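The file model19.cif comes next; it holds mmCIF, C-alpha atoms and all ligand atoms.
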```cif
data_upload
loop_
_atom_site.label_atom_id
_atom_site.label_comp_id
_atom_site.auth_asym_id
_atom_site.auth_seq_id
_atom_site.Cartn_x
_atom_site.Cartn_y
_atom_site.Cartn_z
CA MET C 28 0.00 0.00 0.00
CA THR C 29 1.34 3.47 -0.90
CA ASN C 30 0.18 6.00 1.63
CA ILE C 31 -0.10 9.55 0.21
CA ALA C 32 -0.33 12.42 2.71
CA VAL C 33 -1.16 16.10 2.14
CA THR C 34 -0.31 18.87 4.60
CA GLY C 35 -2.49 22.00 4.75
CA ALA C 36 -5.36 19.78 3.67
CA THR C 37 -8.00 22.08 5.17
CA GLY C 38 -6.63 25.06 3.22
CA GLN C 39 -8.04 26.22 -0.10
CA LEU C 40 -5.49 24.39 -2.25
CA GLY C 41 -5.26 21.39 0.07
CA ARG C 42 -8.99 20.71 -0.03
CA LEU C 43 -8.86 20.64 -3.83
CA VAL C 44 -5.82 18.33 -3.81
CA ILE C 45 -7.69 15.87 -1.57
CA GLU C 46 -10.68 16.00 -3.93
CA LYS C 47 -8.48 15.37 -6.99
CA LEU C 48 -6.57 12.58 -5.20
CA LYS C 49 -9.79 10.80 -4.28
CA ALA C 50 -10.72 10.74 -7.95
CA ARG C 51 -7.30 9.52 -9.03
CA VAL C 52 -5.95 6.97 -6.53
CA SER C 53 -5.72 3.42 -7.76
CA ASP C 54 -5.88 0.16 -5.81
CA GLY C 55 -2.87 0.07 -3.56
CA GLN C 56 -2.87 3.83 -2.88
CA SER C 57 -4.46 5.55 0.10
CA VAL C 58 -4.82 9.19 1.10
CA VAL C 59 -4.44 10.84 4.47
CA ALA C 60 -5.00 14.52 5.32
CA LEU C 61 -2.49 16.22 7.62
CA VAL C 62 -4.19 19.18 9.27
CA ARG C 63 -3.77 21.58 12.15
CA ASP C 64 -7.32 21.02 13.34
CA PRO C 65 -8.84 17.57 12.59
CA ALA C 66 -12.30 18.96 13.46
CA LYS C 67 -12.11 21.08 10.30
CA ALA C 68 -11.30 17.97 8.23
CA ALA C 69 -14.48 16.01 8.95
CA ASP C 70 -15.91 16.73 5.48
CA LEU C 71 -12.78 15.78 3.52
CA GLY C 72 -13.79 12.14 3.20
CA VAL C 73 -10.34 10.76 4.03
CA PRO C 74 -8.69 10.02 7.39
CA ALA C 75 -7.14 13.09 9.02
CA ARG C 76 -4.19 13.33 11.40
CA ALA C 77 -3.14 16.33 13.47
CA ALA C 78 0.04 17.94 12.12
CA ASP C 79 1.33 21.40 13.00
CA TYR C 80 4.46 22.70 11.27
CA ASP C 81 5.42 24.41 14.53
CA LYS C 82 5.05 21.25 16.64
CA PRO C 83 7.57 18.58 15.52
CA GLU C 84 6.09 16.05 17.97
CA THR C 85 2.81 16.11 16.01
CA LEU C 86 4.69 15.68 12.73
CA ALA C 87 6.50 12.55 13.91
CA VAL C 88 3.17 10.87 14.70
CA ALA C 89 1.34 12.18 11.63
CA LEU C 90 4.02 11.03 9.19
CA ALA C 91 4.26 7.44 10.44
CA GLY C 92 3.71 5.06 7.54
CA VAL C 93 3.52 7.84 4.93
CA ASP C 94 5.27 7.05 1.63
CA VAL C 95 4.62 10.14 -0.48
CA LEU C 96 4.06 13.56 1.07
CA LEU C 97 2.76 16.80 -0.43
CA LEU C 98 4.14 19.68 1.61
CA ILE C 99 1.86 22.62 0.91
CA SER C 100 3.85 25.73 1.70
CA SER C 101 2.76 27.46 4.88
CA ASP C 102 1.01 30.83 4.79
CA ALA C 103 3.05 32.11 7.77
CA ILE C 104 5.36 34.34 5.73
CA GLY C 105 8.64 34.88 7.58
CA GLN C 106 8.38 31.63 9.55
CA ARG C 107 8.22 29.24 6.66
CA VAL C 108 11.83 28.11 6.50
CA SER C 109 11.83 26.73 10.06
CA GLN C 110 8.30 25.33 9.62
CA HIS C 111 9.22 23.55 6.39
CA ARG C 112 12.49 22.33 7.95
CA ASN C 113 10.45 20.72 10.73
CA VAL C 114 8.36 18.87 8.15
CA ILE C 115 11.30 17.73 6.02
CA GLU C 116 13.26 16.49 9.04
CA ALA C 117 10.23 14.66 10.44
CA ALA C 118 9.56 13.12 7.02
CA LYS C 119 13.12 11.88 6.79
CA ALA C 120 12.96 10.39 10.29
CA ALA C 121 9.62 8.72 9.50
CA GLY C 122 10.94 7.08 6.33
CA VAL C 123 8.87 9.09 3.83
CA LYS C 124 10.13 8.16 0.36
CA ARG C 125 9.29 11.31 -1.62
CA ILE C 126 8.19 14.87 -0.88
CA ALA C 127 6.39 17.06 -3.40
CA TYR C 128 6.51 20.75 -2.50
CA THR C 129 4.37 23.66 -3.71
CA SER C 130 7.01 26.25 -4.57
CA ILE C 131 6.84 29.47 -6.60
CA LEU C 132 7.28 29.87 -10.36
CA ARG C 133 11.03 29.89 -11.22
CA ALA C 134 11.94 29.97 -7.54
CA ASP C 135 15.64 30.12 -8.39
CA THR C 136 15.46 33.42 -10.28
CA THR C 137 12.13 35.04 -9.43
CA PRO C 138 12.22 38.79 -8.75
CA ILE C 139 9.33 38.28 -6.32
CA GLY C 140 10.40 38.57 -2.68
CA LEU C 141 8.23 35.61 -1.63
CA GLY C 142 10.74 33.47 -3.53
CA VAL C 143 13.32 33.69 -0.73
CA GLU C 144 11.60 31.18 1.56
CA HIS C 145 10.72 28.89 -1.36
CA ARG C 146 14.37 28.87 -2.52
CA ALA C 147 15.48 27.98 1.00
CA THR C 148 12.91 25.18 1.20
CA GLU C 149 13.95 23.79 -2.18
CA ALA C 150 17.57 23.79 -0.98
CA MET C 151 16.59 21.90 2.19
CA LEU C 152 14.80 19.32 0.06
CA ARG C 153 17.84 18.83 -2.16
CA GLU C 154 20.07 18.46 0.88
CA SER C 155 17.66 16.06 2.63
CA GLY C 156 18.65 13.13 0.44
CA LEU C 157 14.95 12.31 -0.04
CA ALA C 158 13.39 12.04 -3.47
CA TYR C 159 11.47 15.22 -4.22
CA THR C 160 9.24 16.85 -6.82
CA LEU C 161 9.08 20.63 -7.11
CA LEU C 162 5.67 21.96 -8.08
CA ARG C 163 6.57 25.57 -8.81
CA ASN C 164 3.13 27.13 -8.91
CA GLY C 165 2.48 30.42 -10.66
CA TRP C 166 -0.11 32.85 -9.35
CA TYR C 167 -3.63 31.68 -8.61
CA LEU C 168 -6.29 33.25 -10.82
CA GLU C 169 -8.26 33.53 -7.58
CA ASN C 170 -5.77 36.22 -6.48
CA TYR C 171 -7.58 38.54 -8.92
CA ALA C 172 -11.09 38.02 -7.55
CA GLY C 173 -10.66 40.93 -5.14
CA ALA C 174 -9.21 43.17 -7.85
CA ILE C 175 -12.22 42.52 -10.09
CA ALA C 176 -14.69 43.23 -7.28
CA GLY C 177 -12.67 46.31 -6.30
CA ALA C 178 -12.64 47.66 -9.85
CA LEU C 179 -16.41 47.26 -10.11
CA GLY C 180 -16.74 49.35 -6.95
CA SER C 181 -14.11 52.01 -7.65
CA GLY C 182 -14.30 52.17 -11.46
CA ALA C 183 -10.70 51.13 -12.15
CA PHE C 184 -8.10 48.42 -11.63
CA ILE C 185 -4.90 49.46 -9.88
CA GLY C 186 -1.54 47.78 -9.41
CA SER C 187 2.19 48.00 -10.05
CA ALA C 188 2.45 45.16 -12.53
CA GLY C 189 3.10 47.47 -15.50
CA GLU C 190 2.84 45.55 -18.73
CA GLY C 191 4.04 42.32 -17.14
CA ARG C 192 2.25 39.26 -18.44
CA ILE C 193 0.68 36.97 -15.86
CA SER C 194 0.25 33.26 -16.58
CA ALA C 195 -2.13 32.57 -13.71
CA ALA C 196 -4.15 29.35 -13.33
CA THR C 197 -6.93 28.21 -11.05
CA ARG C 198 -6.18 26.52 -7.74
CA ALA C 199 -8.13 23.54 -9.06
CA ASP C 200 -5.72 23.14 -11.99
CA TYR C 201 -2.65 23.33 -9.71
CA ALA C 202 -4.36 20.84 -7.36
CA GLU C 203 -4.90 18.41 -10.20
CA ALA C 204 -1.24 18.69 -11.19
CA ALA C 205 -0.27 17.89 -7.60
CA ALA C 206 -2.56 14.84 -7.61
CA VAL C 207 -0.94 13.64 -10.86
CA ALA C 208 2.56 14.09 -9.44
CA LEU C 209 1.61 12.31 -6.19
CA THR C 210 -0.12 9.29 -7.70
CA GLY C 211 1.99 8.66 -10.80
CA GLY C 212 5.54 7.50 -11.40
CA GLY C 213 8.46 9.31 -13.00
CA HIS C 214 8.17 12.56 -11.04
CA GLU C 215 11.22 11.99 -8.81
CA GLY C 216 13.76 14.81 -9.10
CA LYS C 217 11.50 16.75 -11.47
CA THR C 218 10.92 20.50 -11.28
CA TYR C 219 7.69 21.68 -12.88
CA GLU C 220 7.11 25.34 -13.77
CA LEU C 221 3.33 25.41 -13.52
CA ALA C 222 1.24 28.19 -15.03
CA GLY C 223 -1.82 28.90 -17.14
CA ASP C 224 -1.65 28.26 -20.89
CA GLU C 225 -2.69 31.86 -21.67
CA SER C 226 -1.25 34.99 -20.08
CA PHE C 227 -2.73 38.44 -19.56
CA SER C 228 -1.50 41.86 -18.53
CA MET C 229 -3.44 43.93 -16.01
CA ALA C 230 -4.60 46.07 -18.95
CA ASP C 231 -5.94 42.89 -20.58
CA LEU C 232 -7.74 41.95 -17.36
CA ALA C 233 -9.28 45.43 -17.21
CA ALA C 234 -10.30 45.30 -20.89
CA GLU C 235 -11.86 41.83 -20.52
CA THR C 236 -13.76 42.83 -17.38
CA SER C 237 -14.94 45.96 -19.20
CA ARG C 238 -16.06 43.86 -22.17
CA GLN C 239 -17.95 41.38 -20.01
CA THR C 240 -19.66 44.07 -17.89
CA GLY C 241 -20.21 46.67 -20.61
CA ARG C 242 -18.46 49.21 -18.38
CA ASP C 243 -15.30 51.25 -18.90
CA LEU C 244 -12.86 49.98 -16.26
CA PRO C 245 -9.29 51.12 -17.03
CA TYR C 246 -6.08 49.86 -15.44
CA ASN C 247 -4.08 52.51 -13.60
CA ASP C 248 -0.46 51.53 -13.00
CA LEU C 249 1.02 53.01 -9.83
CA PRO C 250 4.47 53.27 -8.24
CA GLU C 251 5.08 50.45 -5.72
CA ASP C 252 4.78 52.64 -2.59
CA ALA C 253 1.61 54.38 -3.80
CA TYR C 254 -0.04 51.01 -4.50
CA ALA C 255 1.04 49.66 -1.09
CA LYS C 256 -0.43 52.74 0.62
CA ILE C 257 -3.78 52.24 -1.14
CA LEU C 258 -3.84 48.57 -0.11
CA GLU C 259 -3.16 49.64 3.48
CA SER C 260 -5.91 52.26 3.29
CA ILE C 261 -8.45 49.55 2.42
CA GLY C 262 -7.47 47.56 5.50
CA LEU C 263 -4.56 45.30 4.59
CA PRO C 264 -1.80 45.00 7.21
CA ALA C 265 1.28 47.03 6.13
CA PRO C 266 3.55 43.96 5.60
CA VAL C 267 0.89 42.26 3.43
CA ALA C 268 0.34 45.44 1.41
CA ALA C 269 4.11 45.78 0.89
CA MET C 270 4.39 42.11 -0.12
CA LEU C 271 1.56 42.42 -2.65
CA ALA C 272 2.99 45.62 -4.16
CA GLN C 273 6.47 44.08 -4.38
CA SER C 274 4.99 40.97 -6.02
CA ASP C 275 3.32 43.22 -8.60
CA VAL C 276 6.66 44.86 -9.36
CA GLY C 277 8.05 41.35 -9.76
CA ALA C 278 5.24 40.67 -12.24
CA SER C 279 6.21 43.82 -14.16
CA LYS C 280 9.65 42.22 -14.59
CA GLY C 281 8.19 39.03 -16.01
CA GLY C 282 8.18 37.05 -12.75
CA LEU C 283 4.68 35.65 -13.33
CA PHE C 284 5.02 34.86 -17.04
CA GLU C 285 5.57 31.31 -18.20
CA ASP C 286 4.82 29.75 -21.57
CA GLY C 287 6.22 26.24 -21.20
CA LEU C 288 2.70 24.70 -20.93
CA GLN C 289 3.91 22.23 -18.28
CA LEU C 290 0.70 22.51 -16.26
CA SER C 291 -1.58 21.54 -19.13
CA ARG C 292 0.83 18.76 -20.07
CA LEU C 293 0.72 17.33 -16.54
CA ILE C 294 -3.06 17.46 -16.24
CA GLY C 295 -3.61 16.27 -19.80
CA ARG C 296 -5.95 19.08 -20.85
CA PRO C 297 -5.82 22.86 -21.42
CA THR C 298 -5.81 24.97 -18.26
CA THR C 299 -9.00 26.83 -17.34
CA PRO C 300 -9.05 30.01 -19.49
CA TRP C 301 -8.59 33.24 -17.50
CA THR C 302 -11.52 34.78 -19.37
CA ASP C 303 -13.78 31.99 -18.02
CA PHE C 304 -12.47 32.75 -14.55
CA VAL C 305 -13.43 36.44 -14.99
CA ALA C 306 -16.91 35.37 -16.10
CA GLY C 307 -17.25 33.10 -13.05
CA ILE C 308 -16.24 35.87 -10.66
CA LEU C 309 -18.64 38.36 -12.25
CA LYS C 310 -21.45 35.81 -11.96
CA SER C 311 -20.67 35.29 -8.27
CA LEU C 312 -20.77 38.99 -7.38
N1 LIG Q 401 0.44 30.78 -5.94
C1 LIG Q 401 -0.28 31.71 -5.36
O1 LIG Q 401 -0.87 32.59 -6.00
C2 LIG Q 401 -0.42 31.69 -3.87
C3 LIG Q 401 -1.30 32.58 -3.25
C4 LIG Q 401 -1.43 32.53 -1.88
C5 LIG Q 401 -0.71 31.59 -1.15
N2 LIG Q 401 0.13 30.72 -1.79
C6 LIG Q 401 0.92 29.70 -1.08
O2 LIG Q 401 0.28 28.44 -1.32
C7 LIG Q 401 -0.16 27.86 -0.08
C8 LIG Q 401 -1.50 27.19 -0.29
O3 LIG Q 401 -2.42 28.15 -0.77
P1 LIG Q 401 -3.90 28.20 -0.20
O4 LIG Q 401 -4.64 29.10 -1.08
O5 LIG Q 401 -4.39 26.84 0.07
O6 LIG Q 401 -3.64 28.93 1.21
P2 LIG Q 401 -4.55 28.82 2.52
O7 LIG Q 401 -5.96 28.57 2.17
O8 LIG Q 401 -4.19 30.02 3.34
O9 LIG Q 401 -3.99 27.51 3.24
C9 LIG Q 401 -2.80 27.50 3.96
C10 LIG Q 401 -2.73 26.17 4.67
O10 LIG Q 401 -1.53 26.15 5.46
C11 LIG Q 401 -1.89 25.55 6.70
N3 LIG Q 401 -0.97 25.98 7.77
C12 LIG Q 401 -0.61 27.22 8.11
N4 LIG Q 401 0.20 27.18 9.18
C13 LIG Q 401 0.33 25.87 9.50
C14 LIG Q 401 1.02 25.19 10.54
N5 LIG Q 401 1.72 25.84 11.46
N6 LIG Q 401 0.94 23.85 10.59
C15 LIG Q 401 0.23 23.16 9.67
N7 LIG Q 401 -0.47 23.75 8.66
C16 LIG Q 401 -0.41 25.10 8.60
C17 LIG Q 401 -3.27 26.09 6.99
O11 LIG Q 401 -3.90 25.30 7.98
P3 LIG Q 401 -5.41 25.59 8.48
O12 LIG Q 401 -6.30 24.96 7.46
O13 LIG Q 401 -5.45 24.93 9.80
O14 LIG Q 401 -5.56 27.08 8.55
C18 LIG Q 401 -3.91 25.95 5.63
O15 LIG Q 401 -4.41 24.65 5.45
C19 LIG Q 401 -0.17 29.03 0.90
O16 LIG Q 401 0.01 28.59 2.24
C20 LIG Q 401 0.98 29.89 0.42
O17 LIG Q 401 2.23 29.37 0.87
C21 LIG Q 401 0.27 30.75 -3.13
#
```
Would you write the structure of this file as structure tokens?
Amino acid sequence: MTNIAVTGATGQLGRLVIEKLKARVSDGQSVVALVRDPAKAADLGVPARAADYDKPETLAVALAGVDVLLLISSDAIGQRVSQHRNVIEAAKAAGVKRIAYTSILRADTTPIGLGVEHRATEAMLRESGLAYTLLRNGWYLENYAGAIAGALGSGAFIGSAGEGRISAATRADYAEAAAVALTGGGHEGKTYELAGDESFSMADLAAETSRQTGRDLPYNDLPEDAYAKILESIGLPAPVAAMLAQSDVGASKGGLFEDGLQLSRLIGRPTTPWTDFVAGILKSL
């Protein structure tokens, strides 16, 4: 029996990975959810074990008997290197055979500041001696749901992404890629640069939203600090606002563009078109 475990399984990506795994596992493969709070995992439909990145004693118990592990990167920016180290060390001690890790697109060269902790985690994986698979995820299309709603309210999109092209994909598509890499063979030592088949600039996103709503919603590009200040003024904590503005500047330098089509190749179908995503968001508002 090959036991496949997923950390962060009650998060937005993790829930989708569990769903995709359930549809994909073959005889001889089983799935277990590793979660901070098992009470939140009751609806996942797979066994859940308590696992907190900050509590190595929970990791040792949770990882017993696990063969293949998906480490979903933590959302605790600034603490992720030590958290991920705890997981990798516990996995090694527990005899886990392979770790797949949700990294960032082109982690080795990305101009996006969030890449620092992903680079460090990738290095720890290489040094661990374990087999690993790097799932370098591009931006989620869902990251733009707030921007679309905001533009409908204010009359314009804002950002610091310039003319940078963004190859975003849905969480569901990244989750399916993870399920493929966890259940199939031949993914050891592989690094996948995962992104949507089609890219858009913020001006394209504004034009498409305008087209679908019949309104005139332009994109106004702002200097990094001005954009961060606006994000703070609408209630985001200063470090989050700064991180988002810096990520946009990274996008302006091409940090979110990828045209290698590795995501659609892994999942065996085209990625969900970004224009469909815009339509879905508009319908939900
Ligand atoms: N590519 C992108 O555009 C993008 C965007 C945002 C984030 N990300 C990264 O991708 C990851 C997954 O995305 P997501 O949308 O699923 O984020 P999410 O919904 O915030 O999920 C984060 C998951 O991490 C778990 N977690 C946090 N601290 C933990 C700890 N100490 N021990 C164990 N688990 C812990 C959370 O557990 P609980 O369920 O208990 O809260 C949650 O399940 C994020 O954590 C972040 O690293 C990527």
- Message: Can you tell me which residues surround Glu46 in chain C at a distance of at most 12 Å, considering all atoms listed in the file, apart from same-chain residues fewer than 6 positions away, and format the answer as JSON, numbers by chain?
- Response: {"C": [33, 36, 37, 39, 40, 52, 58, 59, 60, 70, 71, 72, 73, 199, 200, 202, 203, 205, 206]}
- Query: What is the distance between CA of Thr240 in chain C and CA of Glu225 in chain C, in Å to one decimal?
  - Reply: 21.2 Å
- Note on the structure: Atom pair atom O8 of ligand LIG 401 (chain Q) + CA of Ala89 in chain C, distance 20.4 Å
- Message: Measuring between only C-alpha atoms and all ligand atoms, which one of C:Gly211, C:Pro65, C:Gly186, C:Gly223 shows the shortest distance to ligand LIG 401 (chain Q)?
- Response: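 Going through C:Gly211, C:Pro65, C:Gly186, C:Gly223 one by one, the smallest distance to ligand LIG 401 (chain Q) is for C:Pro65.
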- Message: Could you tell me how far CA of Asp224 in chain C sits from CA of Gly212 in chain C, in Å to one decimal place?
- Response: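 Atom-to-atom, CA of Gly212 in chain C to CA of Asp224 in chain C, that is 23.9 Å.
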- Would you mind telling me which residue in C:Ala195, C:Ala268, C:Met28, C:Val143 lies nearest to ligand LIG 401 (chain Q) when using all atoms listed in the file?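 Comparing C:Ala195, C:Ala268, C:Met28, C:Val143 against ligand LIG 401 (chain Q), the winner is C:Ala195.
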- Message: Can you tell me which residues surround range 249-257 of chain C at a distance of at most 10 Å, considering only C-alpha atoms, apart from same-chain residues fewer than 4 positions away, and format the answer as number ranges by chain?
- Response: C: 185-189, 261-276
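Omitting Ala196 in chain C and its sequence neighbours fewer than 6 positions away, and counting only C-alpha atoms, the residues within 9 Å are C:Asn164, C:Gly165, C:Trp166, C:Tyr167, C:Leu168, C:Glu169, C:Leu221, C:Ala222, C:Gly223, C:Asp224, C:Glu225, C:Leu290, C:Thr298, C:Thr299, C:Pro300, C:Trp301.
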Got a sec to write range 108-119 of chain C of the block to a file, all heavy atoms, as a short mmCIF file (atom, residue, chain, number, x, y, z; two decimals), in the first residue's frame?
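New file decode_8.cif:
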```cif
data_model
loop_
_atom_site.label_atom_id
_atom_site.label_comp_id
_atom_site.auth_asym_id
_atom_site.auth_seq_id
_atom_site.Cartn_x
_atom_site.Cartn_y
_atom_site.Cartn_z
N VAL C 108 10.64 28.95 6.64
CA VAL C 108 11.83 28.11 6.50
C VAL C 108 11.92 27.14 7.68
O VAL C 108 12.11 25.93 7.49
CB VAL C 108 13.12 28.97 6.37
CG1 VAL C 108 14.34 28.07 6.27
CG2 VAL C 108 13.01 29.87 5.13
N SER C 109 11.74 27.65 8.90
CA SER C 109 11.83 26.73 10.06
C SER C 109 10.65 25.77 10.06
O SER C 109 10.81 24.59 10.41
CB SER C 109 11.94 27.51 11.37
OG SER C 109 10.77 28.24 11.59
N GLN C 110 9.46 26.24 9.67
CA GLN C 110 8.30 25.33 9.62
C GLN C 110 8.54 24.19 8.62
O GLN C 110 8.31 23.02 8.92
CB GLN C 110 7.04 26.10 9.22
CG GLN C 110 6.55 27.06 10.30
CD GLN C 110 5.25 27.73 9.90
OE1 GLN C 110 5.00 27.96 8.72
NE2 GLN C 110 4.43 28.07 10.89
N HIS C 111 9.01 24.57 7.42
CA HIS C 111 9.22 23.55 6.39
C HIS C 111 10.37 22.62 6.78
O HIS C 111 10.34 21.43 6.49
CB HIS C 111 9.49 24.22 5.03
CG HIS C 111 8.32 25.02 4.52
ND1 HIS C 111 8.40 25.90 3.47
CD2 HIS C 111 7.02 25.07 4.93
CE1 HIS C 111 7.21 26.45 3.25
NE2 HIS C 111 6.36 25.97 4.13
N ARG C 112 11.39 23.18 7.47
CA ARG C 112 12.49 22.33 7.95
C ARG C 112 11.96 21.27 8.90
O ARG C 112 12.32 20.09 8.80
CB ARG C 112 13.56 23.16 8.64
CG ARG C 112 14.75 22.30 9.12
CD ARG C 112 15.80 23.08 9.89
NE ARG C 112 16.42 24.12 9.10
CZ ARG C 112 16.31 25.43 9.32
NH1 ARG C 112 15.60 25.86 10.35
NH2 ARG C 112 16.91 26.31 8.55
N ASN C 113 11.05 21.69 9.79
CA ASN C 113 10.45 20.72 10.73
C ASN C 113 9.79 19.57 9.96
O ASN C 113 9.92 18.40 10.33
CB ASN C 113 9.39 21.41 11.60
CG ASN C 113 10.02 22.32 12.65
OD1 ASN C 113 11.20 22.24 12.93
ND2 ASN C 113 9.19 23.20 13.22
N VAL C 114 9.08 19.90 8.91
CA VAL C 114 8.36 18.87 8.15
C VAL C 114 9.35 17.95 7.43
O VAL C 114 9.22 16.72 7.47
CB VAL C 114 7.38 19.50 7.13
CG1 VAL C 114 6.66 18.41 6.33
CG2 VAL C 114 6.35 20.39 7.83
N ILE C 115 10.34 18.54 6.80
CA ILE C 115 11.30 17.73 6.02
C ILE C 115 12.08 16.80 6.95
O ILE C 115 12.27 15.61 6.66
CB ILE C 115 12.24 18.66 5.20
CG1 ILE C 115 11.42 19.41 4.13
CG2 ILE C 115 13.37 17.85 4.55
CD1 ILE C 115 12.15 20.59 3.50
N GLU C 116 12.50 17.34 8.10
CA GLU C 116 13.26 16.49 9.04
C GLU C 116 12.39 15.37 9.59
O GLU C 116 12.83 14.22 9.70
CB GLU C 116 13.83 17.35 10.19
CG GLU C 116 15.02 18.18 9.72
CD GLU C 116 15.60 19.07 10.80
OE1 GLU C 116 15.03 19.15 11.89
OE2 GLU C 116 16.64 19.69 10.51
N ALA C 117 11.14 15.69 9.91
CA ALA C 117 10.23 14.66 10.44
C ALA C 117 9.94 13.62 9.36
O ALA C 117 9.85 12.41 9.66
CB ALA C 117 8.94 15.30 10.93
N ALA C 118 9.83 14.05 8.12
CA ALA C 118 9.56 13.12 7.02
C ALA C 118 10.74 12.17 6.85
O ALA C 118 10.55 10.95 6.66
CB ALA C 118 9.30 13.89 5.73
N LYS C 119 11.92 12.72 6.93
CA LYS C 119 13.12 11.88 6.79
C LYS C 119 13.17 10.84 7.91
O LYS C 119 13.38 9.65 7.67
CB LYS C 119 14.37 12.78 6.83
CG LYS C 119 15.55 12.14 6.19
CD LYS C 119 16.70 13.09 6.02
CE LYS C 119 17.92 12.28 5.59
NZ LYS C 119 19.10 13.07 5.44
#
```
